[in-house]
file model-v9.cif (mmCIF, C-alpha atoms and all ligand atoms)
data_upload
loop_
_atom_site.label_atom_id
_atom_site.label_comp_id
_atom_site.auth_asym_id
_atom_site.auth_seq_id
_atom_site.Cartn_x
_atom_site.Cartn_y
_atom_site.Cartn_z
CA MET A 1 -7.91 13.92 20.39
CA SER A 2 -7.17 17.46 19.37
CA VAL A 3 -7.09 16.78 15.66
CA LYS A 4 -9.50 18.40 13.23
CA ARG A 5 -11.04 16.25 10.53
CA ASN A 6 -12.72 17.46 7.34
CA SER A 7 -11.02 20.85 7.47
CA GLY A 8 -11.30 21.40 3.73
CA TYR A 9 -7.55 22.02 3.37
CA SER A 10 -5.49 20.17 0.75
CA LEU A 11 -4.03 16.75 1.55
CA GLN A 12 -0.55 18.31 1.52
CA THR A 13 -1.51 20.77 4.26
CA ARG A 14 -3.51 18.33 6.34
CA VAL A 15 -0.81 15.68 6.39
CA ALA A 16 2.08 18.12 7.01
CA GLN A 17 0.34 19.43 10.14
CA ALA A 18 -1.17 16.07 11.20
CA LEU A 19 -4.59 17.79 11.03
CA SER A 20 -3.38 20.76 13.10
CA TYR A 21 -2.50 18.49 16.02
CA VAL A 22 -1.81 20.23 19.34
CA GLU A 23 -1.11 18.24 22.49
CA PRO A 24 -3.73 19.42 24.98
CA SER A 25 -1.73 19.63 28.21
CA THR A 26 1.50 21.22 26.86
CA GLN A 27 0.47 22.79 23.50
CA GLY A 28 3.20 20.68 21.88
CA LEU A 29 2.95 20.39 18.10
CA VAL A 30 4.20 16.81 18.04
CA PRO A 31 2.15 14.11 19.72
CA PRO A 32 3.87 12.21 22.52
CA THR A 33 4.32 8.46 22.39
CA TYR A 34 1.98 6.92 24.96
CA PRO A 35 3.73 3.71 26.03
CA SER A 36 1.16 2.74 28.67
CA THR A 37 -0.38 -0.67 28.11
CA THR A 38 -3.07 -0.11 30.74
CA TYR A 39 -5.26 2.74 32.03
CA LEU A 40 -6.69 3.62 35.43
CA ARG A 41 -10.29 2.68 36.04
CA ASP A 42 -12.48 5.35 37.67
CA GLU A 43 -13.51 4.88 41.34
CA ASP A 44 -17.08 4.19 40.31
CA ASN A 45 -15.81 1.33 38.11
CA GLU A 46 -16.19 3.23 34.80
CA TYR A 47 -13.54 3.88 32.13
CA ARG A 48 -14.41 7.48 31.18
CA SER A 49 -11.19 7.97 29.18
CA GLY A 50 -12.44 5.29 26.80
CA LEU A 51 -9.06 3.58 27.13
CA VAL A 52 -8.66 0.25 28.90
CA TYR A 53 -5.78 -1.74 27.41
CA SER A 54 -3.46 -0.95 24.49
CA ARG A 55 -4.12 -4.12 22.51
CA ALA A 56 -7.55 -2.59 21.88
CA ASP A 57 -6.62 1.06 21.57
CA ASN A 58 -3.91 3.60 22.32
CA PRO A 59 -3.90 7.42 22.04
CA THR A 60 -0.78 7.38 19.82
CA TYR A 61 -2.54 5.18 17.26
CA ARG A 62 -5.59 7.38 17.36
CA VAL A 63 -3.75 10.47 16.12
CA VAL A 64 -2.26 8.56 13.18
CA GLU A 65 -5.56 6.79 12.45
CA SER A 66 -7.40 10.13 12.40
CA VAL A 67 -4.96 11.50 9.84
CA LEU A 68 -5.27 8.36 7.69
CA ALA A 69 -9.08 8.33 7.83
CA ASP A 70 -9.13 12.01 6.91
CA ILE A 71 -6.74 11.87 3.94
CA GLU A 72 -8.35 8.69 2.54
CA GLU A 73 -11.83 10.20 3.08
CA GLY A 74 -13.06 7.31 5.21
CA GLU A 75 -14.99 7.25 8.48
CA ASP A 76 -12.38 5.32 10.46
CA ALA A 77 -8.89 3.83 10.23
CA LEU A 78 -6.91 1.18 12.10
CA LEU A 79 -3.15 0.67 12.36
CA PHE A 80 -1.61 -2.80 12.29
CA ALA A 81 1.75 -4.40 13.02
CA SER A 82 2.43 -4.78 9.27
CA GLY A 83 0.78 -4.46 5.89
CA MET A 84 0.25 -8.23 5.87
CA ALA A 85 -1.43 -8.09 9.30
CA ALA A 86 -3.79 -5.40 7.94
CA ALA A 87 -4.62 -7.37 4.78
CA VAL A 88 -5.07 -10.70 6.55
CA THR A 89 -7.42 -9.05 9.06
CA VAL A 90 -9.85 -8.17 6.24
CA PHE A 91 -9.95 -11.83 5.15
CA GLN A 92 -10.25 -13.09 8.73
CA ALA A 93 -13.32 -10.89 9.15
CA LEU A 94 -14.99 -13.11 6.51
CA ARG A 95 -16.48 -16.53 7.25
CA PRO A 96 -15.59 -20.03 6.06
CA GLY A 97 -17.30 -20.72 2.72
CA ASP A 98 -17.20 -17.09 1.60
CA HIS A 99 -16.07 -16.65 -2.00
CA VAL A 100 -13.42 -14.01 -2.56
CA LEU A 101 -11.86 -12.69 -5.74
CA ALA A 102 -8.24 -11.55 -5.80
CA PRO A 103 -6.00 -10.43 -8.67
CA LYS A 104 -3.73 -12.80 -10.59
CA VAL A 105 -1.04 -10.12 -10.33
CA MET A 106 -0.72 -8.95 -6.76
CA TYR A 107 1.69 -8.65 -3.84
CA TRP A 108 3.13 -12.18 -3.78
CA ALA A 109 3.13 -12.77 0.01
CA LEU A 110 -0.58 -12.01 0.21
CA ARG A 111 -1.32 -14.24 -2.78
CA ASN A 112 0.60 -17.02 -1.02
CA TRP A 113 -1.35 -16.44 2.19
CA LEU A 114 -4.67 -16.61 0.33
CA LEU A 115 -3.74 -19.86 -1.42
CA THR A 116 -2.46 -21.55 1.75
CA LEU A 117 -3.70 -20.26 5.12
CA GLY A 118 -6.63 -18.33 3.61
CA THR A 119 -7.84 -21.49 1.95
CA ASP A 120 -7.28 -23.50 5.16
CA TRP A 121 -9.43 -20.87 6.91
CA GLY A 122 -12.25 -21.97 4.56
CA LEU A 123 -12.25 -19.12 2.08
CA GLU A 124 -12.99 -19.99 -1.53
CA VAL A 125 -10.28 -17.99 -3.23
CA GLU A 126 -10.45 -17.31 -6.96
CA LEU A 127 -7.71 -15.42 -8.80
CA VAL A 128 -9.04 -13.23 -11.60
CA ASP A 129 -7.54 -10.96 -14.25
CA MET A 130 -8.60 -7.71 -12.57
CA THR A 131 -7.54 -5.64 -15.58
CA ASN A 132 -10.49 -7.22 -17.42
CA THR A 133 -13.74 -5.86 -15.93
CA ALA A 134 -15.84 -8.31 -17.97
CA ALA A 135 -13.88 -11.24 -16.45
CA VAL A 136 -14.54 -9.83 -12.97
CA GLU A 137 -18.26 -9.58 -13.75
CA LYS A 138 -18.29 -13.23 -14.81
CA ALA A 139 -16.45 -14.38 -11.69
CA ILE A 140 -18.72 -12.63 -9.17
CA ILE A 141 -21.40 -14.96 -7.77
CA ALA A 142 -24.28 -12.90 -6.36
CA GLY A 143 -24.86 -13.66 -2.69
CA LYS A 144 -21.77 -15.92 -2.43
CA THR A 145 -18.93 -13.57 -3.37
CA LYS A 146 -18.35 -11.49 -0.25
CA LEU A 147 -15.19 -9.62 -1.14
CA VAL A 148 -13.33 -8.41 -4.20
CA TRP A 149 -9.70 -7.58 -3.42
CA LEU A 150 -7.96 -5.17 -5.76
CA GLU A 151 -4.39 -3.98 -5.95
CA THR A 152 -3.82 -1.13 -8.38
CA PRO A 153 -1.21 -0.52 -9.68
CA GLY A 154 -0.58 -4.25 -9.07
CA ASN A 155 2.83 -5.43 -7.98
CA PRO A 156 5.15 -5.90 -9.91
CA LEU A 157 3.68 -5.59 -13.43
CA TRP A 158 1.75 -2.42 -12.41
CA THR A 159 -1.50 -3.72 -13.86
CA ILE A 160 -4.43 -1.33 -13.47
CA SER A 161 -7.96 -2.26 -12.35
CA ASP A 162 -10.93 0.02 -12.87
CA ILE A 163 -11.92 0.65 -9.24
CA GLN A 164 -15.18 2.45 -10.00
CA ALA A 165 -16.50 -0.11 -12.50
CA ILE A 166 -15.56 -3.09 -10.28
CA CYS A 167 -17.12 -1.47 -7.17
CA HIS A 168 -20.34 -1.03 -9.12
CA LEU A 169 -20.39 -4.71 -10.15
CA ALA A 170 -19.44 -5.99 -6.69
CA HIS A 171 -21.95 -3.82 -4.84
CA SER A 172 -24.83 -4.85 -7.06
CA ALA A 173 -24.00 -8.50 -6.17
CA GLY A 174 -23.72 -7.77 -2.43
CA ALA A 175 -19.92 -7.97 -2.23
CA LYS A 176 -17.52 -5.52 -0.61
CA VAL A 177 -14.43 -4.15 -2.31
CA ALA A 178 -11.06 -3.68 -0.64
CA VAL A 179 -8.19 -1.95 -2.42
CA ASP A 180 -4.50 -2.39 -1.64
CA SER A 181 -3.50 1.19 -2.43
CA THR A 182 0.08 0.90 -1.15
CA CYS A 183 1.67 1.91 -4.45
CA ALA A 184 -0.93 4.49 -5.49
CA THR A 185 -0.90 6.28 -2.10
CA PRO A 186 -3.64 8.76 -1.09
CA VAL A 187 -1.64 11.47 -2.86
CA LEU A 188 -2.47 9.98 -6.27
CA SER A 189 -5.65 7.96 -5.76
CA LEU A 190 -8.59 7.90 -3.32
CA PRO A 191 -10.36 4.52 -3.74
CA ILE A 192 -13.13 5.38 -1.24
CA THR A 193 -14.24 8.28 -3.45
CA LEU A 194 -14.47 5.73 -6.30
CA GLY A 195 -16.72 3.43 -4.27
CA ALA A 196 -14.30 1.17 -2.35
CA ASP A 197 -15.37 -0.05 1.11
CA ILE A 198 -11.88 -0.60 2.52
CA VAL A 199 -8.45 0.78 1.65
CA MET A 200 -5.33 -1.09 2.75
CA HIS A 201 -1.76 0.16 2.99
CA SER A 202 1.55 -1.37 3.75
CA ALA A 203 2.51 1.75 5.74
CA THR A 204 6.04 0.31 5.66
CA LYS A 205 6.26 1.76 2.15
CA TYR A 206 5.26 5.28 1.03
CA LEU A 207 3.29 6.31 4.13
CA ASN A 208 6.36 6.00 6.35
CA GLY A 209 8.77 6.42 3.46
CA HIS A 210 12.08 5.93 5.26
CA SER A 211 12.54 2.15 5.38
CA ASP A 212 12.59 2.13 9.18
CA VAL A 213 9.10 1.05 10.32
CA ILE A 214 7.05 -2.06 9.52
CA ALA A 215 3.39 -1.07 9.72
CA GLY A 216 0.02 -1.49 8.06
CA ALA A 217 -3.27 0.35 7.91
CA LEU A 218 -6.90 -0.15 6.95
CA ILE A 219 -9.30 2.68 6.25
CA GLY A 220 -13.05 2.02 6.31
CA ALA A 221 -15.44 4.02 4.14
CA LYS A 222 -18.18 3.34 6.72
CA ASP A 223 -18.14 2.35 10.36
CA ASP A 224 -20.55 -0.51 9.53
CA ALA A 225 -20.96 -4.11 10.76
CA PHE A 226 -18.07 -5.40 8.61
CA TRP A 227 -15.77 -2.67 9.91
CA GLN A 228 -16.76 -3.55 13.49
CA ARG A 229 -15.77 -7.14 12.77
CA ILE A 230 -12.40 -5.97 11.42
CA ARG A 231 -11.90 -3.95 14.61
CA MET A 232 -12.75 -7.07 16.65
CA VAL A 233 -10.20 -9.19 14.72
CA ARG A 234 -7.46 -6.68 15.50
CA LYS A 235 -8.45 -6.35 19.16
CA GLN A 236 -8.68 -10.10 19.75
CA GLY A 237 -5.80 -11.16 17.52
CA GLY A 238 -3.58 -8.35 18.75
CA ALA A 239 -1.70 -7.47 15.53
CA VAL A 240 -1.15 -3.92 16.80
CA LEU A 241 1.75 -1.58 16.19
CA SER A 242 4.02 -0.41 18.97
CA PRO A 243 3.15 3.19 19.99
CA ALA A 244 6.75 4.27 19.24
CA ASP A 245 6.49 2.95 15.69
CA ALA A 246 3.10 4.64 15.28
CA ASN A 247 4.68 7.97 16.23
CA GLN A 248 7.62 7.45 13.89
CA LEU A 249 5.14 6.62 11.12
CA LEU A 250 3.37 9.93 11.71
CA ARG A 251 6.68 11.75 11.38
CA GLY A 252 7.30 10.03 8.05
CA MET A 253 3.77 10.78 6.84
CA ARG A 254 4.21 14.55 7.23
CA THR A 255 6.33 14.62 4.05
CA LEU A 256 4.20 12.08 2.15
CA GLU A 257 3.00 14.49 -0.52
CA LEU A 258 6.48 15.85 -1.32
CA ARG A 259 8.05 12.41 -1.49
CA VAL A 260 5.34 10.83 -3.64
CA ARG A 261 5.25 13.80 -6.01
CA GLN A 262 9.04 13.63 -6.49
CA SER A 263 9.18 9.83 -6.89
CA SER A 264 6.34 9.92 -9.34
CA GLN A 265 7.87 12.68 -11.49
CA SER A 266 11.23 10.90 -11.54
CA ALA A 267 9.64 7.52 -12.35
CA GLN A 268 7.89 9.07 -15.35
CA ILE A 269 11.19 10.52 -16.65
CA ILE A 270 13.11 7.28 -16.05
CA ALA A 271 10.39 5.13 -17.68
CA GLU A 272 10.36 7.33 -20.80
CA ARG A 273 14.16 7.32 -21.13
CA LEU A 274 14.50 3.57 -20.47
CA GLN A 275 12.32 2.83 -23.50
CA ALA A 276 15.09 4.15 -25.75
CA LEU A 277 17.89 1.92 -24.37
CA PRO A 278 19.16 -0.92 -26.60
CA ASN A 279 18.78 -3.88 -24.20
CA VAL A 280 15.33 -2.92 -22.97
CA ILE A 281 12.53 -5.20 -24.21
CA GLU A 282 9.67 -3.50 -22.37
CA VAL A 283 9.07 -0.83 -19.74
CA LEU A 284 6.06 -1.41 -17.50
CA TYR A 285 4.76 1.89 -16.11
CA PRO A 286 1.16 3.18 -15.99
CA GLY A 287 2.33 6.68 -16.97
CA LEU A 288 3.42 5.54 -20.45
CA PRO A 289 0.69 6.09 -23.08
CA SER A 290 1.65 2.72 -24.62
CA PHE A 291 0.92 0.87 -21.33
CA SER A 292 -2.30 -1.15 -21.49
CA GLY A 293 -3.78 0.29 -18.28
CA HIS A 294 -2.81 3.89 -19.01
CA GLU A 295 -6.29 5.25 -19.77
CA VAL A 296 -7.91 3.79 -16.66
CA ALA A 297 -4.93 4.91 -14.57
CA ALA A 298 -5.26 8.44 -15.94
CA LYS A 299 -8.94 8.43 -14.94
CA GLN A 300 -8.44 7.24 -11.36
CA MET A 301 -5.00 8.66 -10.46
CA GLN A 302 -4.38 12.39 -10.10
CA GLY A 303 -1.05 14.16 -10.38
CA GLY A 304 1.09 11.20 -11.45
CA PHE A 305 1.32 7.44 -11.83
CA GLY A 306 3.48 6.53 -8.86
CA GLY A 307 7.12 5.78 -8.15
CA MET A 308 7.12 2.09 -9.17
CA LEU A 309 8.07 0.68 -12.55
CA SER A 310 9.52 -2.50 -13.99
CA VAL A 311 11.82 -3.07 -16.90
CA ARG A 312 12.29 -6.26 -18.93
CA LEU A 313 15.75 -6.92 -20.36
CA GLN A 314 16.94 -9.52 -22.86
CA ASN A 315 17.14 -12.34 -20.36
CA SER A 316 17.45 -13.22 -16.71
CA ALA A 317 21.29 -13.01 -16.65
CA MET A 318 21.19 -9.51 -18.14
CA ALA A 319 18.70 -8.43 -15.48
CA ILE A 320 20.72 -9.90 -12.60
CA HIS A 321 23.97 -8.42 -13.92
CA THR A 322 22.42 -5.00 -14.43
CA ALA A 323 21.29 -4.94 -10.80
CA ALA A 324 24.81 -6.03 -9.78
CA TYR A 325 26.48 -3.10 -11.59
CA THR A 326 24.29 -0.30 -10.15
CA LYS A 327 26.01 2.09 -7.76
CA LEU A 328 23.22 4.41 -6.64
CA TRP A 329 20.30 1.98 -6.79
CA LYS A 330 20.33 -0.34 -3.80
CA ARG A 331 19.78 -4.05 -4.44
CA ALA A 332 17.06 -4.70 -1.88
CA THR A 333 13.45 -5.73 -1.61
CA SER A 334 10.65 -3.39 -0.44
CA LEU A 335 9.63 -0.09 -1.97
CA GLY A 336 8.42 3.44 -1.28
CA GLY A 337 11.45 4.73 0.65
CA VAL A 338 13.45 7.88 -0.04
CA GLU A 339 16.29 5.76 -1.48
CA SER A 340 15.86 4.02 -4.84
CA LEU A 341 15.78 0.22 -4.85
CA ILE A 342 16.31 -2.30 -7.63
CA GLU A 343 15.26 -5.92 -7.47
CA HIS A 344 15.29 -9.02 -9.63
CA ARG A 345 11.78 -9.89 -8.58
CA ALA A 346 11.60 -13.52 -9.77
CA SER A 347 14.49 -14.38 -7.40
CA ILE A 348 12.44 -13.41 -4.34
CA GLU A 349 9.02 -14.65 -5.47
CA GLY A 350 10.19 -18.19 -6.26
CA ILE A 351 9.00 -20.82 -8.75
CA ASP A 352 5.23 -20.18 -8.55
CA SER A 353 5.71 -16.53 -9.49
CA PRO A 354 3.93 -15.16 -12.57
CA VAL A 355 6.77 -12.61 -12.90
CA PRO A 356 9.08 -13.00 -15.93
CA ASP A 357 12.67 -13.75 -14.93
CA ASP A 358 14.04 -10.98 -17.18
CA LEU A 359 12.28 -8.34 -15.07
CA LEU A 360 13.81 -5.77 -12.74
CA ARG A 361 11.51 -3.92 -10.36
CA LEU A 362 12.47 -0.33 -9.63
CA SER A 363 11.31 1.72 -6.65
CA VAL A 364 12.20 5.30 -7.50
CA GLY A 365 13.20 7.37 -4.49
CA ILE A 366 13.73 11.12 -4.15
CA GLU A 367 17.30 11.36 -5.47
CA ASP A 368 18.15 13.31 -8.64
CA ALA A 369 16.38 11.68 -11.61
CA ASP A 370 19.25 12.32 -14.05
CA GLU A 371 21.72 10.63 -11.71
CA LEU A 372 19.39 7.67 -11.22
CA PHE A 373 18.93 7.22 -14.96
CA ALA A 374 22.67 7.57 -15.68
CA ASP A 375 23.36 4.84 -13.13
CA LEU A 376 20.90 2.45 -14.83
CA GLN A 377 22.40 3.27 -18.20
CA GLN A 378 25.97 2.52 -17.09
CA ALA A 379 24.86 -0.66 -15.27
CA MET A 380 23.13 -1.96 -18.42
CA ALA A 381 26.17 -1.12 -20.53
CA SER A 382 28.46 -2.93 -18.08
CA ALA A 383 26.14 -5.97 -18.02
CA ASN A 384 26.15 -6.00 -21.80
CA ASN A 385 29.97 -5.79 -22.00
CA ALA A 386 30.38 -8.54 -19.43
CA LYS A 387 28.30 -10.81 -21.69
CA ASN A 388 30.78 -10.40 -24.60
C1 LIG B 401 4.89 -4.59 1.16
C2 LIG B 401 3.52 -4.77 0.64
C3 LIG B 401 2.55 -5.45 1.38
C4 LIG B 401 2.86 -6.10 2.72
O1 LIG B 401 3.22 -5.14 3.67
P1 LIG B 401 4.23 -5.42 4.91
O2 LIG B 401 4.24 -4.11 5.61
O3 LIG B 401 5.53 -5.83 4.30
O4 LIG B 401 3.63 -6.52 5.70
C5 LIG B 401 1.27 -5.55 0.84
N1 LIG B 401 0.97 -5.01 -0.35
C6 LIG B 401 1.87 -4.35 -1.09
C7 LIG B 401 1.47 -3.78 -2.40
C8 LIG B 401 3.17 -4.21 -0.62
O5 LIG B 401 4.08 -3.57 -1.37
#
call {"tool": "encode", "arguments": {"input": "model-v9.cif", "output": "structure tokens"}}
result
Amino acid sequence: MSVKRNSGYSLQTRVAQALSYVEPSTQGLVPPTYPSTTYLRDEDNEYRSGLVYSRADNPTYRVVESVLADIEEGEDALLFASGMAAAVTVFQALRPGDHVLAPKVMYWALRNWLLTLGTDWGLEVELVDMTNTAAVEKAIIAGKTKLVWLETPGNPLWTISDIQAICHLAHSAGAKVAVDSTCATPVLSLPITLGADIVMHSATKYLNGHSDVIAGALIGAKDDAFWQRIRMVRKQGGAVLSPADANQLLRGMRTLELRVRQSSQSAQIIAERLQALPNVIEVLYPGLPSFSGHEVAAKQMQGGFGGMLSVRLQNSAMAIHTAAYTKLWKRATSLGGVESLIEHRASIEGIDSPVPDDLLRLSVGIEDADELFADLQQAMASANNAKN
């Protein structure tokens, strides 16, 4: 592929130009979508192109994977059909009986998978308070714990785990560390530089950024035996992305830095202003100095604290009514798109959820921050009036 890795340019430049991609036969600046599922074998029975069948590999994925590996500072990357497919692949590369640690506060669908199908698969899953490094140290069993899964900031309370300290503990006990970095994005945090072995993204969110592609990605720090097993799980299981979606994802990724910077700046402003509103009990955002994970977040995130925050109101009815009265904020699940979303999270997570029912999760998009705040303010006022 005519992409240049390790160029030394900033992430902003590398991602905007897709690593200076030029299509070799036409000099086009945008990679074509290669729809072919199969490739011609050479007359002497070889496959010199290195491509055989698109469940294993496809040139469209390779361009996107090269960009992802480069910006996350890993050796290799793989695209998947969804964020869940990417995450589950890491666990399926483990073996029955392996002990894995996962956070108490994490993306709910993956927690559900771990406690149902992951457990059926034979994994010994233990949920740990990953904000407490001493608790993680206690939970790791040397030789038996094979993987520590982190998600930081952790959905939807935005809990922060100390990636560097936990990697150190895990590695000295022979365990790997994987980080769901969907909400941090490579713009703000680079887990591999802090010691992580694997980075996972729901590319559906910030990487694509336009709420029009479901996709996932894994980035491997090293092309080692575990990474080879992950590659085998994708190839055999077939949870690959369509080449057209891969190309659309690359188009979205070109503006990643601009979008994340804007969302992050606006989220900081909105979080600070929300704290002053009468019906607000608590604002959960790593960028607030009062937030319990703020210091660790400041150490391992650069240039902002992300576009996600949550707000707790007086009670569940107030939260649901506030969401109902918003005009700009869209009442929808998901996150990381250009349009701002608001969600009463307990309603989607169901009865086993650790999320308080007075909580609204906000995904801050790239609209005007003053307009977004004013809309929340009027929605809260309307919800409050409706109560009386
Ligand atoms: C959305 C999300 C996922 C799952 O990704 P899909 O693309 O929806 O499968 C995993 N982790 C986090 C933090 C997410 O926000």
call {"tool": "atom_distance", "arguments": {"input": "model-v9.cif", "atom1": "atom CA of Thr26 of chain A", "atom2": "atom CA of Tyr53 of chain A"}}
result
24.1 Å
call {"tool": "atom_distance", "arguments": {"input": "model-v9.cif", "atom1": "atom CA of Ala102 of chain A", "atom2": "atom CA of Leu150 of chain A"}}
result
6.4 Å
call {"tool": "residues_around", "arguments": {"input": "model-v9.cif", "residues": "Phe291 of chain A", "least_positions_apart": "3", "cutoff": "12 Å", "atoms": "only C-alpha atoms", "output": "count of residues only"}}
result
23
call {"tool": "residues_near_point", "arguments": {"input": "model-v9.cif", "point": "(-23.9, -4.2, -6.0)", "cutoff": "12 Å", "atoms": "all atoms listed in the file", "output": "list in words"}}
result
Glu137, Ile140, Ile141, Ala142, Gly143, Thr145, Lys146, Leu147, Val148, Gln164, Ala165, Ile166, Cys167, His168, Leu169, Ala170, His171, Ser172, Ala173, Gly174, Ala175, Lys176, Val177, Gly195, Ala196 and Asp197 of chain A
call {"tool": "residues_near_ligand", "arguments": {"input": "model-v9.cif", "ligand": "ligand LIG 401 (chain B)", "cutoff": "8 Å", "atoms": "only C-alpha atoms and all ligand atoms", "output": "compact mmCIF listing (two decimals) with C-alpha atoms, in the coordinates of the input"}}
result
# COMPACT_ATOMS: atom_id res chain seq x y z
CA ALA A 81 1.75 -4.40 13.02
CA SER A 82 2.43 -4.78 9.27
CA GLY A 83 0.78 -4.46 5.89
CA MET A 84 0.25 -8.23 5.87
CA ALA A 85 -1.43 -8.09 9.30
CA ALA A 86 -3.79 -5.40 7.94
CA ALA A 87 -4.62 -7.37 4.78
CA MET A 106 -0.72 -8.95 -6.76
CA TYR A 107 1.69 -8.65 -3.84
CA ALA A 109 3.13 -12.77 0.01
CA LEU A 110 -0.58 -12.01 0.21
CA GLU A 151 -4.39 -3.98 -5.95
CA GLY A 154 -0.58 -4.25 -9.07
CA ASN A 155 2.83 -5.43 -7.98
CA ASP A 180 -4.50 -2.39 -1.64
CA SER A 181 -3.50 1.19 -2.43
CA THR A 182 0.08 0.90 -1.15
CA CYS A 183 1.67 1.91 -4.45
CA HIS A 201 -1.76 0.16 2.99
CA SER A 202 1.55 -1.37 3.75
CA ALA A 203 2.51 1.75 5.74
CA THR A 204 6.04 0.31 5.66
CA LYS A 205 6.26 1.76 2.15
CA ILE A 214 7.05 -2.06 9.52
CA ALA A 215 3.39 -1.07 9.72
CA GLY A 216 0.02 -1.49 8.06
CA SER A 334 10.65 -3.39 -0.44
CA LEU A 335 9.63 -0.09 -1.97
call {"tool": "residues_around", "arguments": {"input": "model-v9.cif", "residues": "Leu274 of chain A", "least_positions_apart": "6", "cutoff": "9 Å", "atoms": "all atoms listed in the file", "output": "list in words"}}
result
Val280, Glu282, Val283, Val311, Phe373, Leu376 and Gln377 of chain A
call {"tool": "atom_distance", "arguments": {"input": "model-v9.cif", "atom1": "atom CA of Ala346 of chain A", "atom2": "atom CA of Ile281 of chain A"}}
result
16.7 Å
call {"tool": "closest_residue", "arguments": {"input": "model-v9.cif", "among": "A:Ile320, A:Leu249, A:Leu258, A:Leu68", "to": "Val338 of chain A", "atoms": "all atoms listed in the file"}}
result
A:Leu258
call {"tool": "residues_near_point", "arguments": {"input": "model-v9.cif", "point": "(20.2, 6.1, -10.5)", "cutoff": "8 Å", "atoms": "all atoms listed in the file", "output": "PyMOL selection string"}}
result
chain A and resi 326-329+340+367-376
call {"tool": "closest_residue", "arguments": {"input": "model-v9.cif", "among": "A:Val90, A:His321, A:Asp212, A:Pro243", "to": "Ala379 of chain A", "atoms": "all atoms listed in the file"}}
result
A:His321
call {"tool": "closest_residue", "arguments": {"input": "model-v9.cif", "among": "A:Leu101, A:Asp129, A:Pro96, A:Thr13", "to": "Leu117 of chain A", "atoms": "all atoms listed in the file"}}
result
A:Pro96
call {"tool": "closest_residue", "arguments": {"input": "model-v9.cif", "among": "A:Arg234, A:Lys299, A:Arg312, A:Arg62", "to": "Ile163 of chain A", "atoms": "all atoms listed in the file"}}
result
A:Lys299
call {"tool": "closest_residue", "arguments": {"input": "model-v9.cif", "among": "A:Asp245, A:Val3, A:Lys138, A:Ser10", "to": "Val22 of chain A", "atoms": "all atoms listed in the file"}}
result
A:Val3
call {"tool": "closest_residue", "arguments": {"input": "model-v9.cif", "among": "A:Ala276, A:Leu241, A:Leu341, A:Ala135", "to": "Ser211 of chain A", "atoms": "only C-alpha atoms"}}
result
A:Leu341
call {"tool": "axis_aligned_box", "arguments": {"input": "model-v9.cif", "around": "segment 110-119 of chain A", "padding_each_side": "4 Å", "output": "AutoDock Vina command-line options"}}
result
--center_x -3.6 --center_y -16.8 --center_z 1.2 --size_x 16.4 --size_y 17.5 --size_z 15.9
call {"tool": "decode", "arguments": {"input": "model-v9.cif", "residues": "segment 111-122 of chain A", "atoms": "N, CA and C atoms", "output": "PDB file, in the first residue's frame"}}
result
ATOM      1  N   ARG A 111     -20.179  -5.784  29.011  1.00  0.00           N
ATOM      2  CA  ARG A 111     -20.289  -6.395  30.339  1.00  0.00           C
ATOM      3  C   ARG A 111     -21.283  -7.555  30.282  1.00  0.00           C
ATOM      4  N   ASN A 112     -22.424  -7.345  29.615  1.00  0.00           N
ATOM      5  CA  ASN A 112     -23.409  -8.418  29.481  1.00  0.00           C
ATOM      6  C   ASN A 112     -22.831  -9.620  28.752  1.00  0.00           C
ATOM      7  N   TRP A 113     -22.073  -9.365  27.684  1.00  0.00           N
ATOM      8  CA  TRP A 113     -21.475 -10.465  26.930  1.00  0.00           C
ATOM      9  C   TRP A 113     -20.536 -11.271  27.835  1.00  0.00           C
ATOM     10  N   LEU A 114     -19.708 -10.547  28.590  1.00  0.00           N
ATOM     11  CA  LEU A 114     -18.735 -11.227  29.458  1.00  0.00           C
ATOM     12  C   LEU A 114     -19.440 -12.111  30.487  1.00  0.00           C
ATOM     13  N   LEU A 115     -20.556 -11.607  31.029  1.00  0.00           N
ATOM     14  CA  LEU A 115     -21.231 -12.344  32.107  1.00  0.00           C
ATOM     15  C   LEU A 115     -22.140 -13.446  31.577  1.00  0.00           C
ATOM     16  N   THR A 116     -22.400 -13.471  30.290  1.00  0.00           N
ATOM     17  CA  THR A 116     -23.243 -14.536  29.727  1.00  0.00           C
ATOM     18  C   THR A 116     -22.412 -15.416  28.783  1.00  0.00           C
ATOM     19  N   LEU A 117     -22.236 -14.977  27.537  1.00  0.00           N
ATOM     20  CA  LEU A 117     -21.535 -15.810  26.556  1.00  0.00           C
ATOM     21  C   LEU A 117     -20.057 -15.981  26.902  1.00  0.00           C
ATOM     22  N   GLY A 118     -19.429 -14.927  27.439  1.00  0.00           N
ATOM     23  CA  GLY A 118     -18.009 -15.015  27.802  1.00  0.00           C
ATOM     24  C   GLY A 118     -17.791 -16.069  28.879  1.00  0.00           C
ATOM     25  N   THR A 119     -18.731 -16.122  29.805  1.00  0.00           N
ATOM     26  CA  THR A 119     -18.647 -17.103  30.881  1.00  0.00           C
ATOM     27  C   THR A 119     -18.943 -18.508  30.332  1.00  0.00           C
ATOM     28  N   ASP A 120     -19.933 -18.602  29.432  1.00  0.00           N
ATOM     29  CA  ASP A 120     -20.218 -19.893  28.776  1.00  0.00           C
ATOM     30  C   ASP A 120     -18.998 -20.406  28.012  1.00  0.00           C
ATOM     31  N   TRP A 121     -18.228 -19.475  27.455  1.00  0.00           N
ATOM     32  CA  TRP A 121     -17.017 -19.803  26.692  1.00  0.00           C
ATOM     33  C   TRP A 121     -15.940 -20.371  27.622  1.00  0.00           C
ATOM     34  N   GLY A 122     -16.126 -20.207  28.938  1.00  0.00           N
ATOM     35  CA  GLY A 122     -15.188 -20.783  29.909  1.00  0.00           C
ATOM     36  C   GLY A 122     -14.286 -19.759  30.571  1.00  0.00           C
TER      37      GLY A 122
END
